[in-house]
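Participant: Have a look at this one before I ask anything.
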Amino acid sequence: MGGAMGDIKRLLIVDDEETLTFSLYQSFINSPIDCEVVTAASGEEALEKLETGPFDLVITDIAMPGIDGLELLERIKQKMPQTRVIVITAYGSDEREETAYRLGADKYIEKPFDIKEIKNLVFKLIEE
């Protein structure tokens, strides 16, 4: 291990809405940045994936059955504070946004959003 491998960024996309994870997945897979993209359909599944090793960035929806995005965010930040987290939600509220940032979110985005915008944001965050 080590060497050039370190250049590959690992992204985790978490959303119970498959069309969204798929379109995000597609856009990152075909991007100029070398990245491994992993998807999870629930907070529980995301935690399992996180056990496989560190991720550079996680994109998570808030509203999911079981462990929601905010709880997931909190757990990620406790375990891996250096992991960047982008929180997305279809049900935005100031309170939610405040909570997300308080728990350590790097960015809070309301749906519908522009995939290109998310892509640019991700590249900015993982290149930092």
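Labels for the structure tokens follow display order: chains A, B, ..., residues from 1 in each chain, ligands from 1.
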For the strand (DSSP E or B) assignment from backbone DSSP, which residues of segment 10-107 of chain A qualify? Please present them as a ChimeraX atom specification.

Facilitator: /A:10-14,35-40,57-61,84-89,107

Participant: Restricting the output to N, CA and C atoms, write the selected residues as a JSON list (two decimals), in the first residue's frame.

Facilitator:
[["chain", "number", "residue", "atom", "x", "y", "z"],
["A", 10, "ARG", "N", -11.62, 8.77, -1.69],
["A", 10, "ARG", "CA", -12.77, 7.88, -1.47],
["A", 10, "ARG", "C", -13.99, 8.70, -1.09],
["A", 11, "LEU", "N", -15.05, 8.50, -1.85],
["A", 11, "LEU", "CA", -16.29, 9.22, -1.59],
["A", 11, "LEU", "C", -17.38, 8.23, -1.21],
["A", 12, "LEU", "N", -18.21, 8.63, -0.27],
["A", 12, "LEU", "CA", -19.35, 7.79, 0.12],
["A", 12, "LEU", "C", -20.62, 8.61, -0.07],
["A", 13, "ILE", "N", -21.55, 8.07, -0.84],
["A", 13, "ILE", "CA", -22.81, 8.76, -1.08],
["A", 13, "ILE", "C", -23.92, 7.98, -0.39],
["A", 14, "VAL", "N", -24.63, 8.65, 0.50],
["A", 14, "VAL", "CA", -25.66, 7.97, 1.30],
["A", 14, "VAL", "C", -27.03, 8.60, 1.07],
["A", 35, "CYS", "N", -11.23, 8.98, -8.18],
["A", 35, "CYS", "CA", -11.90, 8.68, -6.93],
["A", 35, "CYS", "C", -12.64, 7.37, -6.96],
["A", 36, "GLU", "N", -12.68, 6.78, -5.79],
["A", 36, "GLU", "CA", -13.43, 5.54, -5.61],
["A", 36, "GLU", "C", -14.75, 5.99, -5.01],
["A", 37, "VAL", "N", -15.85, 5.59, -5.63],
["A", 37, "VAL", "CA", -17.15, 6.03, -5.14],
["A", 37, "VAL", "C", -17.94, 4.85, -4.60],
["A", 38, "VAL", "N", -18.36, 4.98, -3.37],
["A", 38, "VAL", "CA", -19.11, 3.92, -2.70],
["A", 38, "VAL", "C", -20.49, 4.50, -2.37],
["A", 39, "THR", "N", -21.53, 3.69, -2.52],
["A", 39, "THR", "CA", -22.86, 4.20, -2.17],
["A", 39, "THR", "C", -23.48, 3.36, -1.06],
["A", 40, "ALA", "N", -24.36, 3.98, -0.31],
["A", 40, "ALA", "CA", -25.08, 3.27, 0.74],
["A", 40, "ALA", "C", -26.51, 3.78, 0.73],
["A", 57, "LEU", "N", -14.60, 12.06, 1.81],
["A", 57, "LEU", "CA", -15.80, 12.87, 1.84],
["A", 57, "LEU", "C", -17.06, 12.01, 1.81],
["A", 58, "VAL", "N", -18.06, 12.45, 2.57],
["A", 58, "VAL", "CA", -19.34, 11.75, 2.60],
["A", 58, "VAL", "C", -20.43, 12.75, 2.21],
["A", 59, "ILE", "N", -21.31, 12.32, 1.31],
["A", 59, "ILE", "CA", -22.49, 13.12, 0.97],
["A", 59, "ILE", "C", -23.66, 12.34, 1.53],
["A", 60, "THR", "N", -24.42, 12.95, 2.43],
["A", 60, "THR", "CA", -25.54, 12.21, 3.00],
["A", 60, "THR", "C", -26.83, 13.01, 3.00],
["A", 61, "ASP", "N", -27.91, 12.30, 2.74],
["A", 61, "ASP", "CA", -29.23, 12.90, 2.84],
["A", 61, "ASP", "C", -29.58, 12.90, 4.33],
["A", 84, "ARG", "N", -14.67, 15.05, 5.31],
["A", 84, "ARG", "CA", -15.57, 16.15, 4.95],
["A", 84, "ARG", "C", -16.97, 15.59, 4.76],
["A", 85, "VAL", "N", -17.97, 16.34, 5.21],
["A", 85, "VAL", "CA", -19.34, 15.85, 5.06],
["A", 85, "VAL", "C", -20.24, 16.93, 4.45],
["A", 86, "ILE", "N", -20.94, 16.55, 3.38],
["A", 86, "ILE", "CA", -21.92, 17.43, 2.77],
["A", 86, "ILE", "C", -23.28, 16.84, 3.08],
["A", 87, "VAL", "N", -24.14, 17.65, 3.67],
["A", 87, "VAL", "CA", -25.48, 17.19, 4.04],
["A", 87, "VAL", "C", -26.48, 17.73, 3.03],
["A", 88, "ILE", "N", -27.35, 16.86, 2.50],
["A", 88, "ILE", "CA", -28.37, 17.33, 1.58],
["A", 88, "ILE", "C", -29.75, 17.01, 2.14],
["A", 89, "THR", "N", -30.70, 17.86, 1.84],
["A", 89, "THR", "CA", -32.04, 17.60, 2.34],
["A", 89, "THR", "C", -33.11, 18.18, 1.43],
["A", 107, "LYS", "N", -20.90, 21.43, 4.52],
["A", 107, "LYS", "CA", -21.82, 22.15, 3.66],
["A", 107, "LYS", "C", -23.21, 21.55, 3.81]]

Participant: Contacts of Ile67 of chain A at 8 Å or less, counting only C-alpha atoms, minus same-chain residues fewer than 2 places along, as a PyMOL selection string?

Facilitator: chain A and resi 42-44+64-65+69+71-72

Participant: For the residues selected in the previous step, produce a file with N, CA and C atoms as a JSON list (two decimals), in the first residue's frame.

Facilitator:
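The result, written out as selection-v1.json:
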[["chain", "number", "residue", "atom", "x", "y", "z"],
["A", 42, "SER", "N", -28.63, 3.50, 3.33],
["A", 42, "SER", "CA", -29.12, 3.83, 4.67],
["A", 42, "SER", "C", -27.96, 4.23, 5.56],
["A", 43, "GLY", "N", -28.30, 4.85, 6.69],
["A", 43, "GLY", "CA", -27.27, 5.23, 7.65],
["A", 43, "GLY", "C", -26.53, 4.02, 8.18],
["A", 44, "GLU", "N", -27.30, 2.95, 8.42],
["A", 44, "GLU", "CA", -26.70, 1.72, 8.93],
["A", 44, "GLU", "C", -25.67, 1.16, 7.94],
["A", 64, "MET", "N", -33.73, 9.75, 6.28],
["A", 64, "MET", "CA", -33.64, 8.33, 5.92],
["A", 64, "MET", "C", -34.22, 7.55, 7.08],
["A", 65, "PRO", "N", -34.82, 6.40, 6.79],
["A", 65, "PRO", "CA", -35.32, 5.56, 7.88],
["A", 65, "PRO", "C", -34.14, 5.06, 8.71],
["A", 69, "GLY", "N", -29.37, 11.24, 8.51],
["A", 69, "GLY", "CA", -28.13, 11.90, 8.09],
["A", 69, "GLY", "C", -27.44, 12.69, 9.19],
["A", 71, "GLU", "N", -27.51, 12.07, 12.46],
["A", 71, "GLU", "CA", -26.88, 11.13, 13.39],
["A", 71, "GLU", "C", -25.62, 10.54, 12.75],
["A", 72, "LEU", "N", -25.73, 10.25, 11.45],
["A", 72, "LEU", "CA", -24.60, 9.72, 10.71],
["A", 72, "LEU", "C", -23.45, 10.73, 10.73]]

Participant: So which one's closest to Lys49 of chain A, A:Glu97, A:Lys111, A:Gly92, A:Ile76? Using only C-alpha atoms, please.

Facilitator: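 When distances to Lys49 of chain A are compared using only C-alpha atoms, the smallest one comes from A:Ile76.
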
Participant: Give me, as a list in words, the residues of segment 57-99 of chain A that a backbone DSSP run labels helix (DSSP H, G or I).

Facilitator: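 Taking segment 57-99 of chain A and keeping helix (DSSP H, G or I) gives Gly69, Leu70, Glu71, Leu72, Leu73, Glu74, Arg75, Ile76, Lys77, Gln78, Lys79, Asp94, Glu95, Arg96, Glu97, Glu98 and Thr99 of chain A.
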
Participant: Kindly export the residues of the current selection with N, CA and C atoms, as a short mmCIF file (atom, residue, chain, number, x, y, z; two decimals), in the first residue's frame.

Facilitator:
data_model
loop_
_atom_site.label_atom_id
_atom_site.label_comp_id
_atom_site.auth_asym_id
_atom_site.auth_seq_id
_atom_site.Cartn_x
_atom_site.Cartn_y
_atom_site.Cartn_z
N GLY A 69 -29.37 11.24 8.51
CA GLY A 69 -28.13 11.90 8.09
C GLY A 69 -27.44 12.69 9.19
N LEU A 70 -28.22 13.29 10.08
CA LEU A 70 -27.60 14.09 11.13
C LEU A 70 -26.88 13.20 12.15
N GLU A 71 -27.51 12.07 12.46
CA GLU A 71 -26.88 11.13 13.39
C GLU A 71 -25.62 10.54 12.75
N LEU A 72 -25.73 10.25 11.45
CA LEU A 72 -24.60 9.72 10.71
C LEU A 72 -23.45 10.73 10.73
N LEU A 73 -23.79 11.98 10.46
CA LEU A 73 -22.81 13.05 10.47
C LEU A 73 -22.09 13.11 11.82
N GLU A 74 -22.88 13.05 12.88
CA GLU A 74 -22.32 13.12 14.23
C GLU A 74 -21.33 11.98 14.46
N ARG A 75 -21.73 10.77 14.04
CA ARG A 75 -20.86 9.60 14.24
C ARG A 75 -19.59 9.68 13.41
N ILE A 76 -19.73 10.15 12.17
CA ILE A 76 -18.55 10.28 11.31
C ILE A 76 -17.56 11.25 11.93
N LYS A 77 -18.07 12.39 12.39
CA LYS A 77 -17.20 13.42 12.95
C LYS A 77 -16.53 12.97 14.25
N GLN A 78 -17.22 12.10 15.00
CA GLN A 78 -16.61 11.58 16.23
C GLN A 78 -15.46 10.65 15.90
N LYS A 79 -15.70 9.77 14.91
CA LYS A 79 -14.70 8.77 14.56
C LYS A 79 -13.61 9.29 13.66
N ASP A 94 -34.14 26.23 8.95
CA ASP A 94 -33.01 26.91 9.58
C ASP A 94 -32.47 26.07 10.73
N GLU A 95 -33.41 25.44 11.43
CA GLU A 95 -33.04 24.65 12.59
C GLU A 95 -32.16 23.47 12.17
N ARG A 96 -32.59 22.82 11.10
CA ARG A 96 -31.82 21.67 10.60
C ARG A 96 -30.44 22.10 10.14
N GLU A 97 -30.42 23.23 9.44
CA GLU A 97 -29.16 23.73 8.92
C GLU A 97 -28.21 24.04 10.08
N GLU A 98 -28.75 24.69 11.10
CA GLU A 98 -27.97 25.04 12.28
C GLU A 98 -27.40 23.78 12.94
N THR A 99 -28.27 22.77 13.08
CA THR A 99 -27.84 21.51 13.69
C THR A 99 -26.74 20.86 12.87
#

Participant: Which one is closest to Ser31 of chain A: A:Ala100, A:Leu50, A:Glu127, A:Asn120? Count only C-alpha atoms.

Facilitator: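 Looking only at the distances to Ser31 of chain A, the closest residue turns out to be A:Asn120.
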